[in-house]
Amino acid sequence: MTPQELIQGLVARGMPQHVATAFAANLMQESGLNPSINEIAPVVAGSRGGFGLAQWTGPRRKQLEAFAASQGKAVDDPGLQMDFLVWETQNTEKGAYDKIVSTNNVADATRAVSTAFLRPGVPNL
């Protein structure tokens with residue numbers, strides 16, 4: 001998937017342009033925008049590692065898998081993953097999304113996506 005495809009897909013799902021661009025920048029770091037990628041050496045002991053565009057891990061990965069099953073789609077489908085990401089912003093990650101969408105430029109939104117939504121152990125901004 002290209003950054004532009006991700007941005008266009010998120011904007012089509014109702015995300016502001018600067019926020020969609022910030023997600024694309026962060027997800028490029030997380031997964032290289034490969035919706036099938038699985039973390040090779042899981043940081044979280046005993047887990048199956050991060051999976052997909054956002055490297056969903058632990059309970060969030062299980063939610064992604066359940067969401068895919070409920071939609072009758074493959075978990076590595078990029079459209080499904082964009083739908084799930086938007087679902088998270090409206091449900092389980094609404095507080096994080098409120099912080100992200102309150103920004104007014106790509107740089108601030110990019111930092112907010114990392115710190116509020118992805119919450120990596122070691123940020124790579």
# chains A, B, ... in the order shown; residues from 1 in each chain; ligands from 1
call {"tool": "residues_around", "arguments": {"residues": "stretch 102-108 of chain A", "least_positions_apart": "5", "cutoff": "12 Å", "atoms": "only C-alpha atoms", "output": "list in words"}}
result
Pro16, Gln17, His18, Val19, Ala20, Thr21, Ala22, Phe23, Ala24, Ala25, Asn26, Gly95, Ala96, Tyr97, Val113, Ser114, Thr115, Ala116 and Leu125 of chain A
call {"tool": "closest_residue", "arguments": {"among": "A:Pro78, A:Gly14, A:Gly50, A:Pro59", "to": "A:Asn34", "atoms": "only C-alpha atoms"}}
result
A:Pro78
call {"tool": "closest_residue", "arguments": {"among": "A:Gln71, A:Thr89, A:Ser36, A:Gln55", "to": "A:Met1", "atoms": "only C-alpha atoms"}}
result
A:Ser36
call {"tool": "closest_residue", "arguments": {"among": "A:Val86, A:Leu53, A:Ala109, A:Leu64", "to": "A:Leu27", "atoms": "only C-alpha atoms"}}
result
A:Leu53
call {"tool": "residues_around", "arguments": {"residues": "A:Glu39", "least_positions_apart": "6", "cutoff": "9 Å", "atoms": "only C-alpha atoms", "output": "PDB file with N, CA and C atoms, in the first residue's frame"}}
result
ATOM      1  N   SER A  31       5.008  -0.318  10.075  1.00  0.00           N
ATOM      2  CA  SER A  31       4.852  -1.520   9.251  1.00  0.00           C
ATOM      3  C   SER A  31       5.360  -1.402   7.826  1.00  0.00           C
ATOM      4  N   ARG A  48       1.966 -12.760  20.316  1.00  0.00           N
ATOM      5  CA  ARG A  48       2.216 -13.127  18.914  1.00  0.00           C
ATOM      6  C   ARG A  48       2.833 -11.963  18.160  1.00  0.00           C
ATOM      7  N   GLY A  49       3.057 -10.850  18.843  1.00  0.00           N
ATOM      8  CA  GLY A  49       3.662  -9.677  18.227  1.00  0.00           C
ATOM      9  C   GLY A  49       2.647  -8.788  17.552  1.00  0.00           C
ATOM     10  N   GLY A  50       3.140  -7.661  17.104  1.00  0.00           N
ATOM     11  CA  GLY A  50       2.292  -6.713  16.402  1.00  0.00           C
ATOM     12  C   GLY A  50       1.962  -7.218  15.015  1.00  0.00           C
ATOM     13  N   PHE A  51       0.779  -6.832  14.521  1.00  0.00           N
ATOM     14  CA  PHE A  51       0.346  -7.282  13.203  1.00  0.00           C
ATOM     15  C   PHE A  51      -0.253  -6.128  12.425  1.00  0.00           C
ATOM     16  N   GLY A  52       0.021  -6.106  11.142  1.00  0.00           N
ATOM     17  CA  GLY A  52      -0.641  -5.203  10.222  1.00  0.00           C
ATOM     18  C   GLY A  52      -0.108  -3.787  10.197  1.00  0.00           C
ATOM     19  N   GLN A  55       0.605  -2.407  13.515  1.00  0.00           N
ATOM     20  CA  GLN A  55       1.270  -3.361  14.410  1.00  0.00           C
ATOM     21  C   GLN A  55       0.455  -3.546  15.692  1.00  0.00           C
TER      22      GLN A  55
END
call {"tool": "closest_residue", "arguments": {"among": "A:Pro3, A:Gly79, A:Gly58, A:Gly72", "to": "A:Gln29", "atoms": "only C-alpha atoms"}}
result
A:Pro3
call {"tool": "closest_residue", "arguments": {"among": "A:Ala112, A:Leu118, A:Ala12, A:Leu33", "to": "A:Asp77", "atoms": "only C-alpha atoms"}}
result
A:Leu33
call {"tool": "select_by_dssp", "arguments": {"residues": "chain A", "states": "helix (DSSP H, G or I)", "output": "MDAnalysis selection string"}}
result
chainID A and resid 3:12 17:31 58:71 78:90 94:101 106:118
call {"tool": "residues_around", "arguments": {"residues": "A:Ala68", "least_positions_apart": "6", "cutoff": "7 Å", "atoms": "only C-alpha atoms", "output": "ChimeraX atom specification"}}
result
/A:74-75,80
call {"tool": "decode", "arguments": {"residues": "stretch 6-20 of chain A", "atoms": "all heavy atoms", "output": "PDB file, in the first residue's frame"}}
result
ATOM      1  N   LEU A   6      -3.268   5.120   1.538  1.00  0.00           N
ATOM      2  CA  LEU A   6      -3.710   5.137   2.931  1.00  0.00           C
ATOM      3  C   LEU A   6      -4.365   6.475   3.271  1.00  0.00           C
ATOM      4  O   LEU A   6      -5.455   6.508   3.855  1.00  0.00           O
ATOM      5  CB  LEU A   6      -2.543   4.859   3.878  1.00  0.00           C
ATOM      6  CG  LEU A   6      -2.890   4.884   5.368  1.00  0.00           C
ATOM      7  CD1 LEU A   6      -3.921   3.825   5.720  1.00  0.00           C
ATOM      8  CD2 LEU A   6      -1.627   4.696   6.203  1.00  0.00           C
ATOM      9  N   ILE A   7      -3.728   7.564   2.887  1.00  0.00           N
ATOM     10  CA  ILE A   7      -4.286   8.892   3.171  1.00  0.00           C
ATOM     11  C   ILE A   7      -5.658   9.026   2.524  1.00  0.00           C
ATOM     12  O   ILE A   7      -6.630   9.423   3.181  1.00  0.00           O
ATOM     13  CB  ILE A   7      -3.324  10.005   2.703  1.00  0.00           C
ATOM     14  CG1 ILE A   7      -2.040   9.982   3.540  1.00  0.00           C
ATOM     15  CG2 ILE A   7      -4.005  11.372   2.771  1.00  0.00           C
ATOM     16  CD1 ILE A   7      -0.901  10.799   2.954  1.00  0.00           C
ATOM     17  N   GLN A   8      -5.754   8.675   1.245  1.00  0.00           N
ATOM     18  CA  GLN A   8      -7.040   8.779   0.545  1.00  0.00           C
ATOM     19  C   GLN A   8      -8.095   7.891   1.205  1.00  0.00           C
ATOM     20  O   GLN A   8      -9.256   8.297   1.349  1.00  0.00           O
ATOM     21  CB  GLN A   8      -6.882   8.404  -0.927  1.00  0.00           C
ATOM     22  CG  GLN A   8      -6.125   9.439  -1.728  1.00  0.00           C
ATOM     23  CD  GLN A   8      -5.820   8.979  -3.145  1.00  0.00           C
ATOM     24  OE1 GLN A   8      -5.948   7.811  -3.495  1.00  0.00           O
ATOM     25  NE2 GLN A   8      -5.395   9.920  -3.975  1.00  0.00           N
ATOM     26  N   GLY A   9      -7.698   6.686   1.614  1.00  0.00           N
ATOM     27  CA  GLY A   9      -8.638   5.776   2.254  1.00  0.00           C
ATOM     28  C   GLY A   9      -9.147   6.307   3.583  1.00  0.00           C
ATOM     29  O   GLY A   9     -10.335   6.180   3.897  1.00  0.00           O
ATOM     30  N   LEU A  10      -8.263   6.905   4.370  1.00  0.00           N
ATOM     31  CA  LEU A  10      -8.671   7.445   5.662  1.00  0.00           C
ATOM     32  C   LEU A  10      -9.518   8.705   5.506  1.00  0.00           C
ATOM     33  O   LEU A  10     -10.496   8.904   6.228  1.00  0.00           O
ATOM     34  CB  LEU A  10      -7.449   7.703   6.548  1.00  0.00           C
ATOM     35  CG  LEU A  10      -6.680   6.442   6.979  1.00  0.00           C
ATOM     36  CD1 LEU A  10      -5.432   6.819   7.764  1.00  0.00           C
ATOM     37  CD2 LEU A  10      -7.571   5.489   7.771  1.00  0.00           C
ATOM     38  N   VAL A  11      -9.164   9.552   4.545  1.00  0.00           N
ATOM     39  CA  VAL A  11      -9.965  10.754   4.283  1.00  0.00           C
ATOM     40  C   VAL A  11     -11.360  10.336   3.801  1.00  0.00           C
ATOM     41  O   VAL A  11     -12.368  10.903   4.241  1.00  0.00           O
ATOM     42  CB  VAL A  11      -9.259  11.683   3.271  1.00  0.00           C
ATOM     43  CG1 VAL A  11     -10.194  12.772   2.754  1.00  0.00           C
ATOM     44  CG2 VAL A  11      -8.012  12.307   3.909  1.00  0.00           C
ATOM     45  N   ALA A  12     -11.436   9.329   2.947  1.00  0.00           N
ATOM     46  CA  ALA A  12     -12.731   8.844   2.464  1.00  0.00           C
ATOM     47  C   ALA A  12     -13.586   8.296   3.603  1.00  0.00           C
ATOM     48  O   ALA A  12     -14.818   8.295   3.519  1.00  0.00           O
ATOM     49  CB  ALA A  12     -12.520   7.761   1.400  1.00  0.00           C
ATOM     50  N   ARG A  13     -12.923   7.871   4.681  1.00  0.00           N
ATOM     51  CA  ARG A  13     -13.641   7.351   5.853  1.00  0.00           C
ATOM     52  C   ARG A  13     -13.923   8.449   6.881  1.00  0.00           C
ATOM     53  O   ARG A  13     -14.327   8.157   7.991  1.00  0.00           O
ATOM     54  CB  ARG A  13     -12.829   6.214   6.469  1.00  0.00           C
ATOM     55  CG  ARG A  13     -12.853   4.933   5.623  1.00  0.00           C
ATOM     56  CD  ARG A  13     -11.767   3.945   6.039  1.00  0.00           C
ATOM     57  NE  ARG A  13     -11.896   2.669   5.356  1.00  0.00           N
ATOM     58  CZ  ARG A  13     -11.451   2.411   4.133  1.00  0.00           C
ATOM     59  NH1 ARG A  13     -10.826   3.366   3.446  1.00  0.00           N
ATOM     60  NH2 ARG A  13     -11.608   1.217   3.597  1.00  0.00           N
ATOM     61  N   GLY A  14     -13.671   9.712   6.506  1.00  0.00           N
ATOM     62  CA  GLY A  14     -14.045  10.838   7.341  1.00  0.00           C
ATOM     63  C   GLY A  14     -12.938  11.488   8.155  1.00  0.00           C
ATOM     64  O   GLY A  14     -13.196  12.387   8.949  1.00  0.00           O
ATOM     65  N   MET A  15     -11.704  11.080   7.961  1.00  0.00           N
ATOM     66  CA  MET A  15     -10.605  11.630   8.733  1.00  0.00           C
ATOM     67  C   MET A  15     -10.094  12.912   8.074  1.00  0.00           C
ATOM     68  O   MET A  15      -9.957  12.967   6.848  1.00  0.00           O
ATOM     69  CB  MET A  15      -9.478  10.586   8.803  1.00  0.00           C
ATOM     70  CG  MET A  15      -8.467  10.819   9.879  1.00  0.00           C
ATOM     71  SD  MET A  15      -7.312   9.416  10.020  1.00  0.00           S
ATOM     72  CE  MET A  15      -8.265   8.283  11.025  1.00  0.00           C
ATOM     73  N   PRO A  16      -9.802  13.947   8.861  1.00  0.00           N
ATOM     74  CA  PRO A  16      -9.223  15.163   8.272  1.00  0.00           C
ATOM     75  C   PRO A  16      -7.885  14.864   7.579  1.00  0.00           C
ATOM     76  O   PRO A  16      -7.138  13.977   8.010  1.00  0.00           O
ATOM     77  CB  PRO A  16      -9.001  16.078   9.485  1.00  0.00           C
ATOM     78  CG  PRO A  16      -9.908  15.561  10.548  1.00  0.00           C
ATOM     79  CD  PRO A  16     -10.012  14.078  10.307  1.00  0.00           C
ATOM     80  N   GLN A  17      -7.589  15.601   6.527  1.00  0.00           N
ATOM     81  CA  GLN A  17      -6.377  15.378   5.723  1.00  0.00           C
ATOM     82  C   GLN A  17      -5.105  15.371   6.574  1.00  0.00           C
ATOM     83  O   GLN A  17      -4.273  14.491   6.424  1.00  0.00           O
ATOM     84  CB  GLN A  17      -6.280  16.464   4.634  1.00  0.00           C
ATOM     85  CG  GLN A  17      -5.057  16.354   3.745  1.00  0.00           C
ATOM     86  CD  GLN A  17      -5.212  15.319   2.650  1.00  0.00           C
ATOM     87  OE1 GLN A  17      -6.313  15.061   2.187  1.00  0.00           O
ATOM     88  NE2 GLN A  17      -4.114  14.726   2.240  1.00  0.00           N
ATOM     89  N   HIS A  18      -4.941  16.360   7.456  1.00  0.00           N
ATOM     90  CA  HIS A  18      -3.688  16.431   8.227  1.00  0.00           C
ATOM     91  C   HIS A  18      -3.568  15.247   9.189  1.00  0.00           C
ATOM     92  O   HIS A  18      -2.469  14.756   9.437  1.00  0.00           O
ATOM     93  CB  HIS A  18      -3.554  17.778   8.954  1.00  0.00           C
ATOM     94  CG  HIS A  18      -4.354  17.930  10.197  1.00  0.00           C
ATOM     95  ND1 HIS A  18      -5.726  18.113  10.193  1.00  0.00           N
ATOM     96  CD2 HIS A  18      -3.985  17.927  11.505  1.00  0.00           C
ATOM     97  CE1 HIS A  18      -6.165  18.220  11.434  1.00  0.00           C
ATOM     98  NE2 HIS A  18      -5.123  18.114  12.253  1.00  0.00           N
ATOM     99  N   VAL A  19      -4.683  14.751   9.681  1.00  0.00           N
ATOM    100  CA  VAL A  19      -4.668  13.600  10.588  1.00  0.00           C
ATOM    101  C   VAL A  19      -4.379  12.320   9.800  1.00  0.00           C
ATOM    102  O   VAL A  19      -3.575  11.484  10.230  1.00  0.00           O
ATOM    103  CB  VAL A  19      -5.989  13.511  11.375  1.00  0.00           C
ATOM    104  CG1 VAL A  19      -6.061  12.224  12.185  1.00  0.00           C
ATOM    105  CG2 VAL A  19      -6.146  14.734  12.275  1.00  0.00           C
ATOM    106  N   ALA A  20      -4.997  12.170   8.640  1.00  0.00           N
ATOM    107  CA  ALA A  20      -4.728  11.004   7.796  1.00  0.00           C
ATOM    108  C   ALA A  20      -3.256  10.967   7.389  1.00  0.00           C
ATOM    109  O   ALA A  20      -2.624   9.901   7.381  1.00  0.00           O
ATOM    110  CB  ALA A  20      -5.624  11.037   6.563  1.00  0.00           C
TER     111      ALA A  20
END
